[in-house]
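These notes concern the structure reproduced below.
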Amino acid sequence: MKPLFSVNHLSFFYDKKIIFDTIDLEIYRNEVTLISGENGCGKSTFCKILYKSLPEYSGTILFEEKNFQSFEQSYITSKMMYIQEQTQNNLLCSTPDEDLAIWQHKFQKKDNEILKEERTRIFERFGLKNVFEKPLWELSTGQQKRVVLAGLLLNKHKFWILDDPLFGLDNEGVNILLSILAQQKLSGIGALIATQRPKAFSLVADKVFEIADAHVTQIIGNK
Amino acid sequence: MAILNVENLFLKYNQVDEWLIKDLNLVADKNEVLLIKGPNGCGKTSMLSMLCGIIPKAIKGIIGGKIFIDDIDSSDLSLPELSPLVSMVFQEPEMQLSFPQVIQELAFGPENLQVPVEEIRNRIEEVSEILEISHLLKSEIPTLSYGQKKLVTIASVFTLSPDIILLDEPEDGLSADSISNLKKCIEHFRRDKLIIITSTTHTFDDISDKDIILP
Amino acid sequence: MNTRTYLIISIIISTLSLMMHRIVHLSVLFALCIVLVFILNPTKKRFALLWKRLRFLLILIVFLFIMQMLFRHDGVVLFHWKFITLYSEGMRIAFIVSIRLLILLLIVSLLFDIPYYNFILALRGWKFPYELCLMIASTFYFVRMFEEQLRITKQQLRFREINFGKIPLFRKFQAFSAIIFPVLAHAMHTVRYRAIALDIKGFRLSPYRTYYISQKLKWFDYVIQILAFLVFVFILYIIIK
C-alpha cells in the first residue's frame, strides 16, 4: 500500500530552536501511528505541519504521493480531521448539541430529526446523554474532551490526527476512544496520534515513533 | 491538630441541580498525599476549588458545611489571605499564566508574601532543578509547549509554598519523565505540607497515602 | 522600557492628537507614532499583528472620511459633479478626523500588547486603587483574549470546512450568533480565571511586596519621560500661541 504521507528530510525551527532536524518517516492511511516524546519535543508541531497549519518548514512532504505544498488547506480538511491538544480550541458553540450539529449541517442545511437522532446516539455512546444541552463551560474538562471526540463519529471517512486525545479522560472515556479507533481500523482508516501514553494504545497501534533531540526513531512496528 | 478539616461539605451550582458534592467529610494533616479519584464530571475540580476558596468567593455555588484550614474557618478569609495556607494548580495552564517570562511566574507568589529576595532565589532554584525546568527560566511563556507550561504552573505553586497544595489532574500533558520529576517534587516537599491530587489514572497511586473516590 | 513610560508616551500623544487642529501637525504626530512602533519591539510578527488589527478599522476610517467630505458645506467649493459637492472645510475636517483616529488606534494597539500583570503593576506604581488597576488592565487584556479567541474560532471553522462566505445569507445570522457568544464567553472566562490565579497566589494580600525582578524605573525611563513631558509642554505652547 502506498503511504498517505511521505516525510523526507523535514526540518523545522521555532524561535531560533531546532525542532526537527531532517526527519524521515511514512504514515499509512490504514494504520494507527503513534508519535511520542518528551514535553516540547515537537509532537504537536508535527501534527500541525501535517494539517497545513504550519507552512514554514523545509524538506519534502508528499501527501497521496503529490507535493503537500500544492494542496489547499480546504482539500486537507476534507480528507483529514484534526483534534488539537487544548480541548477548548476544538469547540465552537455554547452546548455540546450545537457543537456537534455544526459538524452535520455546517450552516448549509436545516437541522432535522434524523440529524438529531444521530447526535443522540453519539452522545449516548460517549456517556453525555444527560449533559448534551448544558452550557459547555459548566462541563468538566473530561466531559468537554468527550464532546470533542464525539465529533470523530461524524468524520469517519477522514483520516484522524489526534493531539493528546487522552487528556482529561477517565478510564471509561479512554475505552470509548480505543473502541472507536478499533472500528475505524476495521473499515480501513487509521489515525496519527501524538501521545504521552503510547502504552494506552497498545491494542490498536501499528507503529510508534519517538521524537527526541530533533530526530525521530521508530520503536515499534514494521518499517 | 489537623491542617485540613472538612465537615459536611455540600455543593451544587444551581438550585435545580442535584448536589455535586454531598456530605463530604475529610481530615488530613501535613506529610500526607491525598488522591481524589472519580469519573469525568463527578466534582473533583469543584472540590479543589472549594478547598482553595475559589468557590464561593470568586465563582458562585450553593454550598453547605465548613472547611477549616489550620483551625481557621476558610470562609472568614479572602482569596489572597488564604494563599499562604492553600493554593491550587488549575488543570488548564492557560488559565493560570499571566507573565511573559517563566521566572516572573515563579517569583510572583513569594513576592506577594514578602519573602526575601535570597529566599525567592533559593526556592526557584530548588523547584526548577527538581522539575528540570532550569533551562526554561528565561524563556518566553508563549513559546513553551503545553506540557512545559503545565510544569511552570506546578512550579509556581511550589515556589509559593503554601501549607496545602492542590493539583488538578497534573499528569495531563506531561511526559513520563516529567511525571517522574513531579513525583520527586511531591516527595521532596511533602514533609511539611498536605498535597491533594485529583486524577483519573493510576499515575499517583504509588505515592498517595489515602484515596478518596467521588461517585 | 518600563510600562509606565509606555503609558506616559501614549497619554501625551493621544492628548496632543485631540488638541492639534492642523493637518501638518497631526501628520508629524502620526509619523512620530510610526517611529515609536519601529522603536518598540519592531519584529515582523509585531507589524503583521498591527496591520491585521488596523486593517479592519481602516474601513471605518475611510467611511468617516467620506461622510465628513460629503456633509460639511463650509468654505470654498473644490469639486462639483451632479449632486456631489466637495468643500475645502469638509476636506480639511475629513483629513483631521482620519489622522486623529489613526493615531489613537495606533497608540491603543500598542497598549494591547502589554502583558496583563505589567499593566496592573504600572498603574499600582501610580497608586491607583487595585480594583481600578484590575478593571483597566482587564479591559485591555479582554480585547487581546477576544482577538485570540476569534482567531481560534476562525481556525476551527476552517477545520470544519465551513466557509462563511459561502453560507446562505439567511443562515449567516444564525451562524454568527451561534459563534460570537461563545467567543465572548471564553474571552471573559479566561480574563476572570487569570484574575483568580493572581489572587490565589497572594496578589493584594499586602500593600508591600518584595521585588525579585525589579519593576523600578531605569535611567532611560526617566530621560524619556522628562523628554516627552518637555516636548508636550513645548507643543502645547505652540498650539496656544
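Each chain in the C-alpha cells gets a letter, A, B, ..., in the order shown, and its residues are numbered from 1; ligands are numbered from 1 in order too.
If we count only C-alpha atoms, these residues of chain C sit within 9 Å of chain B: Pro115, Tyr116, Tyr117, Asn118, His189, Thr190, Val191, Arg192, Tyr193, Arg194, Ala195, Ile196, Ala197, Leu198, Asp199, Ile200, Lys201, Gly202, Phe203, Arg204, Leu205, Ser206, Tyr208, Arg209, Thr210, Tyr211, Tyr212 and Ile213 of chain C.
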> If you run DSSP on the backbone, which residues of range 6-208 of chain A are helix (DSSP H, G or I), as an MDAnalysis selection string?
Replying inline: chainID A and resid 43:50 68:70 73:79 87:90 96:105 113:125 136:138 141:154 171:186 198:201
>> Restricting the calculation to only C-alpha atoms: of B:Asn122, B:Ser75, B:Thr201, B:Gln148, which residue gets closest to Pro39 in chain B?
In response: B:Thr201
>> Select, as a ChimeraX atom specification, those residues of chain A with any atom no more than 7 Å from chain C (distances computed using only C-alpha atoms).
In response: /A:74,77-78,89-90,92-94,103,106-108
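Residues from chain B found within 8 Å of chain A are Gly38, Pro39, Asn40, Gly41, Thr45, Thr143, Leu144, Ser145, Tyr146, Gly147, Gln148, Glu169, Asp172, Gly173, Leu174, Ser175, Ala176, Asp177, Ser178, Thr200 and Thr201 of chain B, counting only C-alpha atoms.
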Write the residues of the selection above to a file with N, CA and C atoms, as a CSV table (one decimal), in the first residue's frame.
```
chain,number,residue,atom,x,y,z
B,38,GLY,N,-12.2,9.7,40.5
B,38,GLY,CA,-13.6,9.7,40.1
B,38,GLY,C,-13.7,9.9,38.6
B,39,PRO,N,-14.9,9.5,38.1
B,39,PRO,CA,-15.1,9.7,36.7
B,39,PRO,C,-15.2,11.1,36.3
B,40,ASN,N,-15.2,11.4,35.0
B,40,ASN,CA,-15.4,12.7,34.4
B,40,ASN,C,-16.7,13.3,35.0
B,41,GLY,N,-16.6,14.6,35.4
B,41,GLY,CA,-17.9,15.3,35.9
B,41,GLY,C,-18.3,14.9,37.3
B,45,THR,N,-12.6,18.8,40.4
B,45,THR,CA,-12.1,20.1,40.3
B,45,THR,C,-12.9,21.1,41.2
B,143,THR,N,6.1,30.7,24.0
B,143,THR,CA,6.9,29.8,23.2
B,143,THR,C,7.0,28.4,23.7
B,144,LEU,N,6.5,28.1,24.9
B,144,LEU,CA,6.6,26.8,25.5
B,144,LEU,C,5.5,25.9,25.0
B,145,SER,N,5.8,24.6,25.1
B,145,SER,CA,4.8,23.6,24.7
B,145,SER,C,3.8,23.5,25.8
B,146,TYR,N,2.7,22.8,25.6
B,146,TYR,CA,1.6,22.6,26.6
B,146,TYR,C,2.2,22.0,27.9
B,147,GLY,N,2.9,20.9,27.7
B,147,GLY,CA,3.5,20.2,28.9
B,147,GLY,C,4.4,21.1,29.7
B,148,GLN,N,5.2,21.9,29.0
B,148,GLN,CA,6.2,22.8,29.6
B,148,GLN,C,5.4,23.9,30.4
B,169,GLU,N,-5.5,17.2,38.3
B,169,GLU,CA,-5.0,16.4,37.2
B,169,GLU,C,-3.7,16.8,36.6
B,172,ASP,N,-1.9,15.3,33.1
B,172,ASP,CA,-2.3,15.6,31.8
B,172,ASP,C,-1.3,16.5,31.0
B,173,GLY,N,-0.9,16.0,29.9
B,173,GLY,CA,0.0,16.8,29.1
B,173,GLY,C,1.5,16.6,29.5
B,174,LEU,N,1.8,15.8,30.5
B,174,LEU,CA,3.2,15.6,30.9
B,174,LEU,C,3.7,14.3,30.4
B,175,SER,N,5.0,14.3,30.0
B,175,SER,CA,5.6,13.1,29.6
B,175,SER,C,5.9,12.2,30.8
B,176,ALA,N,6.4,11.0,30.5
B,176,ALA,CA,6.7,10.0,31.6
B,176,ALA,C,7.8,10.6,32.5
B,177,ASP,N,8.8,11.2,31.9
B,177,ASP,CA,9.9,11.8,32.7
B,177,ASP,C,9.5,13.0,33.5
B,178,SER,N,8.6,13.8,33.0
B,178,SER,CA,8.1,14.9,33.7
B,178,SER,C,7.2,14.5,34.9
B,200,THR,N,-7.5,10.8,37.1
B,200,THR,CA,-8.4,9.8,36.5
B,200,THR,C,-7.6,8.6,36.2
B,201,THR,N,-6.3,8.6,36.5
B,201,THR,CA,-5.4,7.5,36.1
B,201,THR,C,-4.8,6.9,37.4
```
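For the pair CA of Phe56 in chain C and CA of Leu26 in chain C, the separation is 22.0 Å.
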>> Report, in Å to a single decimal, how far apart CA of Ile96 in chain C and CA of His21 in chain C are.
In response: 6.9 Å
> Counting only C-alpha atoms, what is within 9 Å of Ile61 in chain C, bar same-chain residues fewer than 2 positions away, as a PyMOL selection string?
Replying inline: chain C and resi 57-59+63-66+97-99+101-102
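Once Arg100 in chain C and its same-chain neighbours fewer than 6 positions away are set aside, Ile13, Ser14, Thr15, Leu16, Ser17, Leu18, Met19, Met20, His21, Arg22, Ile23, Val24, His25, Leu26, Ser27, Val28, Leu29, Phe30, Ala31, Cys33, Ile61, Leu64, Phe65, Ile93, Ala94, Leu106 and Ile107 of chain C remain within 12 Å of it when counting only C-alpha atoms.
Among the candidates A:Leu177, A:Leu115, A:Leu91, A:Cys47, the one nearest to Val148 in chain A when counting only C-alpha atoms is A:Leu91.
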